[in-house]
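Heads up, final-v4.txt below (compact mmCIF, C-alpha atoms and all ligand atoms):
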# COMPACT_ATOMS: atom_id res chain seq x y z
CA MET D 1 -15.99 -21.42 -6.18
CA GLU D 2 -17.26 -24.19 -3.94
CA LEU D 3 -15.36 -24.55 -0.68
CA HIS D 4 -15.78 -28.21 0.25
CA ILE D 5 -14.72 -28.55 3.88
CA CYS D 6 -14.66 -31.76 5.89
CA VAL D 7 -15.56 -30.69 9.45
CA LEU D 8 -14.28 -32.83 12.31
CA ALA D 9 -15.58 -31.07 15.39
CA GLY D 10 -14.18 -33.72 17.73
CA ASP D 11 -14.55 -33.88 21.50
CA TYR D 12 -15.52 -31.62 24.43
CA ALA D 13 -14.95 -27.98 23.41
CA GLY D 14 -14.23 -28.95 19.80
CA PRO D 15 -17.82 -28.51 18.51
CA GLU D 16 -18.22 -25.12 20.27
CA VAL D 17 -15.19 -23.53 18.64
CA ILE D 18 -15.82 -25.20 15.30
CA ALA D 19 -19.33 -23.72 15.17
CA GLU D 20 -17.86 -20.21 15.31
CA GLY D 21 -15.11 -20.97 12.78
CA VAL D 22 -17.72 -22.28 10.37
CA ARG D 23 -19.99 -19.26 10.86
CA VAL D 24 -17.14 -16.85 10.15
CA THR D 25 -16.08 -18.86 7.08
CA GLN D 26 -19.64 -18.90 5.76
CA ALA D 27 -20.04 -15.17 6.33
CA ILE D 28 -16.87 -14.17 4.49
CA ALA D 29 -17.42 -16.72 1.70
CA ALA D 30 -20.98 -15.51 1.10
CA ARG D 31 -19.75 -11.95 0.83
CA ALA D 32 -17.26 -12.96 -1.85
CA GLY D 33 -19.89 -15.04 -3.69
CA HIS D 34 -18.45 -18.47 -2.81
CA ARG D 35 -20.44 -21.50 -1.70
CA VAL D 36 -19.47 -23.50 1.38
CA LYS D 37 -20.19 -27.24 1.39
CA LEU D 38 -19.69 -28.91 4.76
CA SER D 39 -19.04 -32.65 5.28
CA PRO D 40 -19.22 -33.29 9.03
CA ALA D 41 -17.72 -36.53 10.35
CA LEU D 42 -16.62 -38.23 13.56
CA LEU D 43 -13.06 -38.24 14.90
CA GLY D 44 -11.53 -39.04 18.28
CA LEU D 45 -13.39 -40.12 21.42
CA GLY D 46 -16.83 -39.63 19.91
CA ALA D 47 -15.82 -41.78 16.95
CA ILE D 48 -14.45 -44.53 19.22
CA GLU D 49 -17.61 -44.56 21.32
CA LYS D 50 -19.84 -44.83 18.24
CA THR D 51 -17.78 -47.02 15.89
CA GLY D 52 -14.88 -48.50 17.88
CA LYS D 53 -12.40 -46.65 15.64
CA ALA D 54 -10.60 -43.34 16.20
CA LEU D 55 -10.62 -42.65 12.44
CA PRO D 56 -13.66 -44.45 10.98
CA ALA D 57 -13.60 -45.38 7.27
CA GLU D 58 -16.42 -42.94 6.53
CA THR D 59 -14.46 -40.08 8.10
CA TRP D 60 -11.36 -40.97 6.13
CA ALA D 61 -13.36 -41.05 2.88
CA LYS D 62 -14.88 -37.63 3.61
CA ALA D 63 -11.53 -36.12 4.58
CA LYS D 64 -10.00 -37.43 1.37
CA ALA D 65 -12.80 -36.12 -0.81
CA ALA D 66 -12.88 -32.57 0.63
CA ASP D 67 -10.74 -29.58 -0.43
CA ALA D 68 -9.70 -28.96 3.17
CA VAL D 69 -10.26 -30.40 6.63
CA LEU D 70 -11.24 -28.30 9.65
CA LEU D 71 -10.68 -29.93 13.02
CA GLY D 72 -11.68 -28.94 16.56
CA ALA D 73 -9.92 -31.07 19.17
CA VAL D 74 -9.80 -34.72 20.13
CA GLY D 75 -9.44 -36.60 23.41
CA GLY D 76 -10.30 -35.91 27.01
CA PRO D 77 -10.93 -37.47 30.41
CA ARG D 78 -13.65 -39.92 29.27
CA GLN D 79 -10.80 -41.79 27.67
CA ASP D 80 -9.32 -44.92 29.25
CA PRO D 81 -5.54 -44.36 29.43
CA LYS D 82 -4.87 -48.08 28.95
CA ALA D 83 -7.16 -48.54 25.93
CA LYS D 84 -5.61 -49.89 22.75
CA VAL D 85 -7.63 -47.52 20.57
CA ARG D 86 -6.90 -43.90 21.52
CA PRO D 87 -8.46 -40.69 20.12
CA GLU D 88 -5.04 -39.25 19.22
CA GLN D 89 -4.54 -42.12 16.78
CA GLY D 90 -7.33 -40.61 14.71
CA LEU D 91 -5.46 -37.34 14.40
CA LEU D 92 -2.11 -39.01 13.69
CA GLY D 93 -3.78 -41.28 11.12
CA LEU D 94 -5.21 -38.26 9.31
CA ARG D 95 -1.87 -36.41 9.27
CA LYS D 96 -0.03 -39.45 7.99
CA GLY D 97 -2.75 -40.61 5.59
CA LEU D 98 -3.11 -37.19 3.98
CA LYS D 99 0.73 -36.87 3.91
CA LEU D 100 0.64 -33.53 5.73
CA PHE D 101 4.32 -33.34 6.57
CA ALA D 102 4.54 -29.62 7.31
CA ASN D 103 2.78 -28.15 10.33
CA ILE D 104 2.74 -24.36 10.37
CA ARG D 105 2.16 -22.78 13.79
CA PRO D 106 2.31 -18.98 13.66
CA VAL D 107 2.81 -17.15 16.95
CA LYS D 108 1.81 -13.53 16.74
CA VAL D 109 1.57 -11.35 19.81
CA TYR D 110 -1.25 -8.82 19.42
CA ASP D 111 -0.53 -5.44 21.01
CA ALA D 112 -3.94 -5.56 22.69
CA LEU D 113 -3.01 -8.80 24.45
CA ILE D 114 0.49 -7.99 25.66
CA ASP D 115 -0.72 -7.92 29.26
CA ALA D 116 -2.20 -11.41 28.92
CA SER D 117 1.22 -13.02 28.59
CA THR D 118 2.93 -14.37 31.68
CA LEU D 119 6.14 -12.84 30.30
CA LYS D 120 7.19 -9.20 30.55
CA PRO D 121 5.70 -6.84 27.92
CA ASP D 122 9.19 -5.84 26.74
CA VAL D 123 9.98 -9.47 25.95
CA VAL D 124 6.85 -10.35 23.98
CA ARG D 125 5.94 -7.07 22.25
CA GLY D 126 6.11 -7.48 18.48
CA VAL D 127 6.79 -11.22 18.48
CA ASP D 128 5.83 -12.67 15.09
CA LEU D 129 7.28 -16.10 14.40
CA ILE D 130 6.37 -19.46 12.93
CA ILE D 131 7.15 -22.83 14.40
CA LEU D 132 7.38 -25.12 11.40
CA ARG D 133 7.08 -28.66 12.73
CA GLU D 134 7.74 -31.83 10.74
CA LEU D 135 4.54 -33.83 11.19
CA THR D 136 4.70 -37.31 9.67
CA GLY D 137 8.04 -38.70 10.85
CA GLY D 138 10.27 -39.02 13.89
CA ALA D 139 9.27 -40.57 17.20
CA TYR D 140 5.55 -40.28 16.45
CA PHE D 141 5.74 -42.89 13.70
CA GLY D 142 9.14 -44.66 14.00
CA LYS D 143 9.26 -48.44 14.36
CA PRO D 144 9.81 -50.28 16.60
CA GLN D 145 7.44 -48.72 19.06
CA GLY D 146 5.84 -50.53 21.95
CA ARG D 147 6.08 -52.32 25.24
CA SER D 148 7.44 -55.66 26.28
CA GLY D 149 8.28 -57.56 29.44
CA ARG D 150 6.54 -57.84 32.77
CA LYS D 151 7.20 -56.22 36.11
CA PRO D 152 10.01 -55.85 37.21
CA GLU D 153 11.38 -56.00 33.66
CA ARG D 154 8.95 -53.75 31.81
CA THR D 155 10.54 -52.08 28.79
CA ALA D 156 9.23 -49.54 26.30
CA VAL D 157 10.72 -48.27 23.07
CA ASP D 158 10.10 -45.35 20.69
CA THR D 159 12.19 -44.81 17.59
CA THR D 160 13.25 -41.52 16.05
CA ALA D 161 14.06 -42.09 12.40
CA TYR D 162 14.33 -39.68 9.48
CA ASN D 163 15.54 -39.98 5.92
CA GLU D 164 17.07 -37.07 4.07
CA GLU D 165 14.09 -36.46 1.81
CA GLU D 166 11.82 -35.97 4.83
CA VAL D 167 14.23 -33.36 6.17
CA ARG D 168 14.79 -31.66 2.82
CA ARG D 169 11.13 -31.13 1.95
CA LEU D 170 10.41 -29.65 5.39
CA MET D 171 13.44 -27.34 5.20
CA ARG D 172 12.33 -26.13 1.76
CA VAL D 173 8.95 -25.15 3.22
CA ALA D 174 10.83 -23.27 5.96
CA PHE D 175 12.92 -21.28 3.49
CA ASP D 176 9.95 -20.60 1.21
CA LEU D 177 7.96 -19.29 4.18
CA ALA D 178 10.89 -17.15 5.31
CA ARG D 179 11.17 -15.57 1.85
CA GLY D 180 7.70 -14.11 2.32
CA ARG D 181 8.63 -12.79 5.77
CA ARG D 182 11.80 -11.51 7.47
CA LYS D 183 14.05 -14.03 5.63
CA LYS D 184 15.42 -15.87 8.66
CA VAL D 185 15.39 -19.60 9.36
CA ALA D 186 16.57 -21.32 12.53
CA GLN D 187 16.67 -25.12 12.63
CA ALA D 188 16.43 -26.70 16.10
CA ASP D 189 17.93 -30.15 16.64
CA LYS D 190 19.88 -32.24 19.15
CA SER D 191 22.85 -32.86 16.87
CA ASN D 192 25.10 -33.01 19.94
CA VAL D 193 23.36 -36.22 21.02
CA MET D 194 21.24 -37.71 18.25
CA ALA D 195 22.19 -39.18 14.89
CA THR D 196 18.93 -37.85 13.44
CA GLY D 197 19.93 -34.40 14.70
CA ARG D 198 23.19 -34.58 12.76
CA LEU D 199 21.31 -35.60 9.62
CA TRP D 200 18.88 -32.69 10.07
CA ARG D 201 21.79 -30.26 10.41
CA GLU D 202 23.65 -31.63 7.39
CA VAL D 203 20.62 -31.53 5.10
CA ALA D 204 19.49 -28.14 6.45
CA HIS D 205 22.88 -26.69 5.43
CA GLU D 206 22.50 -28.13 1.92
CA VAL D 207 19.04 -26.58 1.55
CA ALA D 208 20.28 -23.27 3.00
CA ALA D 209 22.82 -23.11 0.16
CA GLU D 210 19.86 -23.04 -2.29
CA TYR D 211 18.52 -19.92 -0.55
CA PRO D 212 21.45 -17.47 -0.29
CA ASP D 213 19.01 -14.60 0.31
CA VAL D 214 17.74 -16.18 3.54
CA GLN D 215 19.76 -16.03 6.76
CA TYR D 216 20.20 -19.47 8.33
CA GLU D 217 21.28 -20.63 11.78
CA ASP D 218 21.41 -23.94 13.63
CA VAL D 219 20.32 -23.99 17.23
CA LEU D 220 20.22 -26.81 19.74
CA ALA D 221 16.60 -27.56 20.62
CA ASP D 222 17.11 -27.13 24.36
CA ALA D 223 18.83 -23.78 23.83
CA CYS D 224 16.01 -22.78 21.49
CA ALA D 225 13.53 -23.42 24.32
CA MET D 226 15.55 -21.02 26.45
CA HIS D 227 15.89 -18.34 23.73
CA LEU D 228 12.13 -18.46 23.15
CA VAL D 229 11.48 -16.99 26.59
CA ARG D 230 14.64 -14.87 26.76
CA ASN D 231 14.44 -13.10 23.41
CA PRO D 232 11.69 -14.48 21.17
CA ARG D 233 11.77 -11.52 18.75
CA GLN D 234 15.00 -12.82 17.22
CA TYR D 235 13.06 -15.64 15.53
CA ASP D 236 11.23 -15.59 12.21
CA VAL D 237 10.82 -19.25 11.11
CA ILE D 238 11.92 -22.07 13.43
CA ALA D 239 12.04 -25.43 11.62
CA THR D 240 12.28 -28.61 13.63
CA GLU D 241 11.45 -32.30 13.84
CA ASN D 242 8.11 -33.66 15.03
CA LEU D 243 8.64 -34.14 18.77
CA PHE D 244 10.67 -30.95 19.35
CA GLY D 245 8.10 -29.04 17.33
CA ASP D 246 5.31 -30.34 19.55
CA ILE D 247 7.11 -29.10 22.64
CA LEU D 248 8.48 -25.80 21.30
CA SER D 249 5.11 -24.82 19.84
CA ASP D 250 3.31 -25.14 23.17
CA GLU D 251 6.04 -23.05 24.76
CA ALA D 252 5.89 -20.43 22.01
CA ALA D 253 2.09 -20.33 22.26
CA MET D 254 2.33 -18.87 25.74
CA LEU D 255 4.20 -15.85 24.38
CA ALA D 256 0.86 -14.87 22.87
CA GLY D 257 -0.93 -15.09 26.19
CA SER D 258 -3.07 -18.15 25.61
CA MET D 259 -3.27 -21.32 23.59
CA GLY D 260 -6.78 -20.10 22.79
CA MET D 261 -5.33 -17.61 20.32
CA LEU D 262 -3.18 -19.79 18.11
CA PRO D 263 -4.14 -21.42 14.81
CA SER D 264 -2.31 -24.03 12.79
CA ALA D 265 -2.20 -25.44 9.30
CA SER D 266 -0.85 -28.82 8.21
CA VAL D 267 0.01 -29.20 4.57
CA GLY D 268 2.00 -31.45 2.26
CA ALA D 269 2.57 -31.65 -1.45
CA GLY D 270 -1.04 -32.65 -2.18
CA LYS D 271 -3.31 -30.22 -4.00
CA ASN D 272 -7.10 -29.95 -3.99
CA ARG D 273 -9.31 -29.60 -7.08
CA HIS D 274 -8.83 -25.81 -7.00
CA GLY D 275 -5.08 -26.28 -7.45
CA HIS D 276 -4.32 -25.07 -3.92
CA LEU D 277 -2.82 -27.02 -1.04
CA LYS D 278 -4.97 -29.66 0.58
CA GLY D 279 -4.66 -28.92 4.26
CA LEU D 280 -5.82 -29.72 7.77
CA TYR D 281 -6.58 -26.69 9.93
CA GLU D 282 -6.93 -26.79 13.69
CA PRO D 283 -6.47 -24.66 16.78
CA ILE D 284 -3.35 -25.72 18.64
CA HIS D 285 -5.20 -26.03 21.95
CA GLY D 286 -6.78 -29.26 23.16
CA SER D 287 -10.39 -30.17 23.93
CA ALA D 288 -10.49 -28.07 27.16
CA PRO D 289 -12.73 -30.51 29.09
CA ASP D 290 -12.64 -28.32 32.21
CA ILE D 291 -14.43 -25.41 30.52
CA ALA D 292 -16.26 -27.20 27.68
CA GLY D 293 -20.04 -26.88 27.40
CA LYS D 294 -20.25 -23.55 29.26
CA GLY D 295 -20.05 -21.32 26.22
CA ILE D 296 -16.87 -19.62 27.39
CA VAL D 297 -14.12 -21.24 25.31
CA ASN D 298 -12.14 -18.83 23.11
CA PRO D 299 -12.98 -19.54 19.44
CA LEU D 300 -10.31 -17.20 18.03
CA ALA D 301 -7.70 -19.94 17.47
CA THR D 302 -10.25 -21.80 15.34
CA ILE D 303 -11.40 -18.64 13.55
CA LEU D 304 -7.76 -17.81 12.76
CA SER D 305 -7.29 -21.41 11.55
CA CYS D 306 -10.16 -20.77 9.14
CA ALA D 307 -8.29 -17.70 7.90
CA MET D 308 -5.27 -19.93 7.22
CA MET D 309 -7.58 -22.34 5.37
CA LEU D 310 -8.96 -19.53 3.19
CA ARG D 311 -5.41 -18.48 2.35
CA TRP D 312 -3.70 -21.84 1.82
CA SER D 313 -6.44 -24.15 0.55
CA PHE D 314 -8.57 -21.69 -1.40
CA GLY D 315 -6.19 -18.91 -2.41
CA LEU D 316 -8.60 -16.36 -0.88
CA THR D 317 -5.96 -13.95 0.39
CA ALA D 318 -8.18 -10.88 0.74
CA GLU D 319 -10.79 -12.89 2.65
CA ALA D 320 -8.14 -14.39 4.94
CA ASP D 321 -6.77 -10.90 5.62
CA ALA D 322 -10.29 -9.67 6.37
CA VAL D 323 -10.84 -12.38 8.98
CA GLU D 324 -7.48 -11.67 10.64
CA ARG D 325 -8.19 -7.94 10.68
CA ALA D 326 -11.66 -8.53 12.16
CA VAL D 327 -10.11 -10.58 14.98
CA GLU D 328 -7.60 -7.84 15.69
CA LYS D 329 -10.37 -5.22 15.66
CA ALA D 330 -12.44 -7.20 18.15
CA LEU D 331 -9.41 -7.39 20.44
CA ASN D 332 -8.63 -3.70 19.99
CA ASP D 333 -12.24 -2.94 20.92
CA GLY D 334 -11.55 -4.57 24.27
CA LEU D 335 -13.45 -7.81 23.67
CA ARG D 336 -11.93 -10.91 25.28
CA CYS D 337 -12.78 -14.45 26.17
CA ALA D 338 -12.00 -15.42 29.73
CA ASP D 339 -8.65 -17.07 28.92
CA VAL D 340 -7.10 -13.73 27.97
CA ARG D 341 -8.89 -11.47 30.42
CA SER D 342 -7.11 -8.19 31.06
CA PRO D 343 -7.99 -5.15 33.16
CA GLY D 344 -10.76 -3.03 31.64
CA ALA D 345 -11.64 -5.56 28.93
CA THR D 346 -15.16 -6.86 28.30
CA ILE D 347 -15.38 -10.63 28.82
CA ILE D 348 -17.67 -12.34 26.35
CA GLY D 349 -18.55 -15.95 25.49
CA THR D 350 -17.75 -18.20 22.56
CA ARG D 351 -20.80 -17.32 20.47
CA GLU D 352 -20.54 -13.57 21.18
CA MET D 353 -16.92 -13.64 20.04
CA GLY D 354 -18.02 -15.26 16.79
CA ASP D 355 -20.66 -12.52 16.38
CA ALA D 356 -18.08 -9.83 17.18
CA VAL D 357 -15.73 -11.08 14.46
CA ILE D 358 -18.53 -11.41 11.89
CA ALA D 359 -19.69 -7.87 12.66
CA ARG D 360 -16.17 -6.60 11.93
CA LEU D 361 -15.49 -8.51 8.70
C1 LIG Z 1 -0.48 -31.28 18.92
C2 LIG Z 1 -1.00 -32.26 19.95
C3 LIG Z 1 -0.94 -33.65 19.37
C4 LIG Z 1 0.50 -34.00 19.08
C5 LIG Z 1 -1.61 -34.73 20.25
C6 LIG Z 1 -3.06 -34.42 20.56
C7 LIG Z 1 -1.49 -36.10 19.64
O1 LIG Z 1 -0.27 -32.13 21.13
O2 LIG Z 1 -1.06 -31.22 17.82
O3 LIG Z 1 0.46 -30.56 19.22
O4 LIG Z 1 1.24 -34.44 19.98
O5 LIG Z 1 0.92 -33.81 17.94
MG MG Z 2 1.12 -30.55 21.13

Would you mind writing the file's structure down as structure tokens?
Ligand code: IPM
Ligand code: MG
Amino acid sequence: MELHICVLAGDYAGPEVIAEGVRVTQAIAARAGHRVKLSPALLGLGAIEKTGKALPAETWAKAKAADAVLLGAVGGPRQDPKAKVRPEQGLLGLRKGLKLFANIRPVKVYDALIDASTLKPDVVRGVDLIILRELTGGAYFGKPQGRSGRKPERTAVDTTAYNEEEVRRLMRVAFDLARGRRKKVAQADKSNVMATGRLWREVAHEVAAEYPDVQYEDVLADACAMHLVRNPRQYDVIATENLFGDILSDEAAMLAGSMGMLPSASVGAGKNRHGHLKGLYEPIHGSAPDIAGKGIVNPLATILSCAMMLRWSFGLTAEADAVERAVEKALNDGLRCADVRSPGATIIGTREMGDAVIARL
């Protein structure tokens, strides 16, 4: 099989972590006799500086043509906060353009990293959950959006809008995921305040009726934020709208000690030429401008994103498992990047961590 991957390294630390993800992917693919074809392209700040566009036409064409897209991170302090063209628009344009409505963010706490969490070991031990975030609707894309008026009458508006089909398809992904896990779905909304929240709850109940084998509960999004630090082990799959998912997934990431550990996959209904899901894979952390360029950024979130890509976009389950096991072995052997340092561990750099995973594949 040929694995055609569009690689969008992006800004600041993006290229450093992507390099390791690509090396690991190439190593495991070669072992299984598959060929990796890379299509690198510009996205984000670098793209704006070179072409004036956050998502240049050439990048869009390459992303569309590939079987999967691997992304580092976009944005950073070089960016002018008042500029009309912003790096994040590139990312949002890709998500929307490729119709990737379901964003899967697994949060798994490795035993070896329990001490790295800011929370008590008893709270985080054994946490294994997924934040399933709706990715192409809600406040990120609702119209009207914008500013009007002048000082002292400046006004801004964002719109949260959902139709029932957008909710239904996301909830079905939640229940399907749960069926392969502990069979529990929680749906987080603000139905006590928002009309969209009441629609989410109504439709979620209808979908839940199609899955009698899966346990379902509603939870208010603010209460969910609280439960995530009080007793996170109760959760299996948490499904939620775009904006709440953005917030809850950063919170949940810290259960695992560092954003540098967490991968993500964004998928929709679209398939690639191999008959698997066309997806966008990225670490959930940002471009880490403060530590970029020093060779110390943790590449594990990107490497684990590549494992998700092998599983979801190429159907290479054994290879995906092998990458995940190699990461766990490296951690169990006491190897750490600086973001998850713990007493007695050996701190290594970005490239060494890539080597360590490859050596354990
Ligand atoms: C994320 C990020 C993005 C988002 C930003 C970079 C636009 O925070 O993927 O969680 O808000 O979706
Ligand atoms: Mg975010």

Problem set entry | Selection within 7 Å of ligand LIG 1 (chain Z) by all atoms listed in the file, output as a list in words |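 The distance check yields Val74, Glu88, Leu91, Leu92, Asp246, Ile284 and Gly286 of chain D.
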
For this session: Dump the neighbourhood of ligand MG 2 (chain Z) as a PyMOL selection string: all residues within 12 Å, distances computed on only C-alpha atoms and all ligand atoms.
Result: chain D and resi 73-74+88+91-92+103+105+131+133+135+140+242-253+259+262+264+282-287

Find the nearest atom pair between each residue of region 37-145 of chain D and region 4-25 of chain D for residues within 7 Å, count only C-alpha atoms, give distances in Å to one decimal, sort rows by chain and ascending number, and present the table as a Markdown table.
| residue | atom | partner | partner_atom | distance |
| --- | --- | --- | --- | --- |
| D:Lys37 | CA | D:His4 | CA | 4.7 |
| D:Leu38 | CA | D:Ile5 | CA | 5.1 |
| D:Ser39 | CA | D:Cys6 | CA | 4.5 |
| D:Pro40 | CA | D:Val7 | CA | 4.5 |
| D:Ala41 | CA | D:Leu8 | CA | 5.4 |
| D:Leu42 | CA | D:Leu8 | CA | 6.0 |
| D:Leu43 | CA | D:Gly10 | CA | 5.4 |
| D:Gly44 | CA | D:Gly10 | CA | 6.0 |
| D:Leu45 | CA | D:Asp11 | CA | 6.3 |
| D:Gly46 | CA | D:Asp11 | CA | 6.4 |
| D:Lys62 | CA | D:Cys6 | CA | 6.3 |
| D:Ala63 | CA | D:Cys6 | CA | 5.5 |
| D:Ala66 | CA | D:His4 | CA | 5.3 |
| D:Asp67 | CA | D:His4 | CA | 5.3 |
| D:Ala68 | CA | D:Ile5 | CA | 5.1 |
| D:Val69 | CA | D:Cys6 | CA | 4.7 |
| D:Leu70 | CA | D:Val7 | CA | 4.9 |
| D:Leu71 | CA | D:Leu8 | CA | 4.7 |
| D:Gly72 | CA | D:Gly14 | CA | 4.1 |
| D:Ala73 | CA | D:Gly14 | CA | 4.8 |
| D:Val74 | CA | D:Asp11 | CA | 5.0 |
| D:Gly75 | CA | D:Asp11 | CA | 6.1 |

Exercise. Within 6 Å of (8.8, -18.8, 15.1), only C-alpha atoms: residues as an MDAnalysis selection string?
Worked result: chainID D and resid 129:131 235:238

Per residue of region 23-66 of chain D within 10 Å of region 313-329 of chain D, note the shortest atom pair and the distance in Å to one decimal, counting all atoms listed in the file, and order the rows by chain and increasing residue number, as a Markdown table.
| residue | atom | partner | partner_atom | distance |
| --- | --- | --- | --- | --- |
| D:Val24 | CA | D:Val323 | CA | 7.8 |
| D:Thr25 | CA | D:Val323 | CA | 8.5 |
| D:Ala27 | CA | D:Val323 | CA | 10.0 |
| D:Ile28 | CA | D:Glu319 | CA | 6.5 |
| D:Ala29 | CA | D:Glu319 | CA | 7.7 |
| D:Arg31 | CA | D:Glu319 | CA | 9.2 |
| D:Ala32 | CA | D:Glu319 | CA | 7.9 |

Contacts of region 258-344 of chain D with region 148-170 of chain D up to 12 Å, shortest pair per row, only C-alpha atoms, as JSON lines:
{"residue": "D:Ser266", "atom": "CA", "partner": "D:Leu170", "partner_atom": "CA", "distance": 11.6}
{"residue": "D:Val267", "atom": "CA", "partner": "D:Leu170", "partner_atom": "CA", "distance": 10.4}
{"residue": "D:Gly268", "atom": "CA", "partner": "D:Arg169", "partner_atom": "CA", "distance": 9.1}
{"residue": "D:Ala269", "atom": "CA", "partner": "D:Arg169", "partner_atom": "CA", "distance": 9.2}

Exercise. For Pro87 (chain D), which residue out of D:Gly137, D:Pro56, D:Gly197, D:Gly293 is the nearest one, using only C-alpha atoms?
Worked result: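 Smallest distance to Pro87 (chain D) is found for D:Pro56.
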
Exercise. With all atoms listed in the file as the atoms that count, which of D:Ala292, D:Leu199, D:Met309, D:Ala256 lies nearest to Tyr110 (chain D)?
Worked result: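 Between D:Ala292, D:Leu199, D:Met309, D:Ala256, the residue approaching Tyr110 (chain D) most closely is D:Ala256.
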
Given the point (14.2, -30.6, 13.8) in the file's coordinates, find the residues that have an atom at most 7 Å from it, counting only C-alpha atoms, and give them as a CSV table (one decimal) with C-alpha atoms, in the frame of the given file.
chain,number,residue,atom,x,y,z
D,187,GLN,CA,16.7,-25.1,12.6
D,188,ALA,CA,16.4,-26.7,16.1
D,189,ASP,CA,17.9,-30.2,16.6
D,197,GLY,CA,19.9,-34.4,14.7
D,200,TRP,CA,18.9,-32.7,10.1
D,239,ALA,CA,12.0,-25.4,11.6
D,240,THR,CA,12.3,-28.6,13.6
D,241,GLU,CA,11.4,-32.3,13.8
D,242,ASN,CA,8.1,-33.7,15.0
D,244,PHE,CA,10.7,-31.0,19.4

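The interatomic distance for the pair CA of Ile348 (chain D) and CA of Pro263 (chain D) works out to 20.0 Å.
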
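Reported to one decimal place, the separation of CA of Ala225 (chain D) from CA of Ala195 (chain D) is 20.3 Å.
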
Exercise. Separation of CA of Lys183 (chain D) and CA of Asn231 (chain D), in Å?
Worked result: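 Atom-to-atom, CA of Lys183 (chain D) and CA of Asn231 (chain D) are spaced 17.8 Å apart.
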
Problem set entry | Residue among D:Thr196, D:Leu100, D:Glu352, D:Val219 lying closest to Gly142 (chain D), counting only C-alpha atoms | D:Thr196

For this session: Go through D:Arg198, D:Arg230, D:His34, D:Arg182 one by one, measure the shortest atom-to-atom distance of each to Leu119 (chain D) using only C-alpha atoms, and give the residue with the smallest value.
Result: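 Among the listed residues, D:Arg230 lies closest to Leu119 (chain D).
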
Write out as a PDB file with C-alpha atoms, keeping the file's coordinate frame each polymer residue whose atoms come within 10 Å of Ser342 (chain D), counting all atoms listed in the file; drop sequence neighbours fewer than 6 positions from it.
ATOM      1  CA  ALA D 112      -3.940  -5.560  22.690  1.00  0.00           C
ATOM      2  CA  LEU D 113      -3.010  -8.800  24.450  1.00  0.00           C
ATOM      3  CA  ILE D 114       0.490  -7.990  25.660  1.00  0.00           C
ATOM      4  CA  ASP D 115      -0.720  -7.920  29.260  1.00  0.00           C
ATOM      5  CA  ALA D 116      -2.200 -11.410  28.920  1.00  0.00           C
ATOM      6  CA  SER D 117       1.220 -13.020  28.590  1.00  0.00           C
ATOM      7  CA  GLY D 334     -11.550  -4.570  24.270  1.00  0.00           C
ATOM      8  CA  LEU D 335     -13.450  -7.810  23.670  1.00  0.00           C
ATOM      9  CA  ARG D 336     -11.930 -10.910  25.280  1.00  0.00           C
TER      10      ARG D 336
END

Seminar exercise, completed: If you count all atoms listed in the file, the residue of D:Ala345, D:Met171, D:Leu310, D:Ala338 closest to Leu277 (chain D) turns out to be D:Leu310

Mind dumping region 127-137 of chain D from that block, keeping N, CA and C atoms, as an mmCIF file, in the first residue's frame?
data_model
loop_
_atom_site.group_PDB
_atom_site.id
_atom_site.type_symbol
_atom_site.label_atom_id
_atom_site.label_comp_id
_atom_site.auth_asym_id
_atom_site.auth_seq_id
_atom_site.Cartn_x
_atom_site.Cartn_y
_atom_site.Cartn_z
ATOM 1 N N VAL D 127 -7.028 6.894 34.160
ATOM 2 C CA VAL D 127 -7.934 7.673 33.304
ATOM 3 C C VAL D 127 -7.727 7.286 31.835
ATOM 4 N N ASP D 128 -8.821 7.021 31.152
ATOM 5 C CA ASP D 128 -8.769 6.646 29.736
ATOM 6 C C ASP D 128 -10.095 7.102 29.128
ATOM 7 N N LEU D 129 -10.098 8.292 28.562
ATOM 8 C CA LEU D 129 -11.352 8.843 28.041
ATOM 9 C C LEU D 129 -11.105 9.491 26.686
ATOM 10 N N ILE D 130 -12.199 9.783 26.022
ATOM 11 C CA ILE D 130 -12.114 10.502 24.742
ATOM 12 C C ILE D 130 -13.006 11.729 24.821
ATOM 13 N N ILE D 131 -12.444 12.877 24.475
ATOM 14 C CA ILE D 131 -13.303 14.035 24.233
ATOM 15 C C ILE D 131 -13.608 14.007 22.738
ATOM 16 N N LEU D 132 -14.877 13.882 22.424
ATOM 17 C CA LEU D 132 -15.293 13.895 21.025
ATOM 18 C C LEU D 132 -15.939 15.252 20.760
ATOM 19 N N ARG D 133 -15.231 16.076 20.015
ATOM 20 C CA ARG D 133 -15.632 17.465 19.811
ATOM 21 C C ARG D 133 -16.202 17.653 18.402
ATOM 22 N N GLU D 134 -17.360 18.278 18.314
ATOM 23 C CA GLU D 134 -17.912 18.649 17.005
ATOM 24 C C GLU D 134 -16.990 19.727 16.431
ATOM 25 N N LEU D 135 -16.646 19.648 15.146
ATOM 26 C CA LEU D 135 -15.547 20.496 14.671
ATOM 27 C C LEU D 135 -15.880 21.451 13.533
ATOM 28 N N THR D 136 -17.050 21.342 12.940
ATOM 29 C CA THR D 136 -17.308 22.211 11.777
ATOM 30 C C THR D 136 -18.562 23.071 11.943
ATOM 31 N N GLY D 137 -19.055 23.196 13.179
ATOM 32 C CA GLY D 137 -20.245 24.011 13.394
ATOM 33 C C GLY D 137 -20.080 24.914 14.609
#
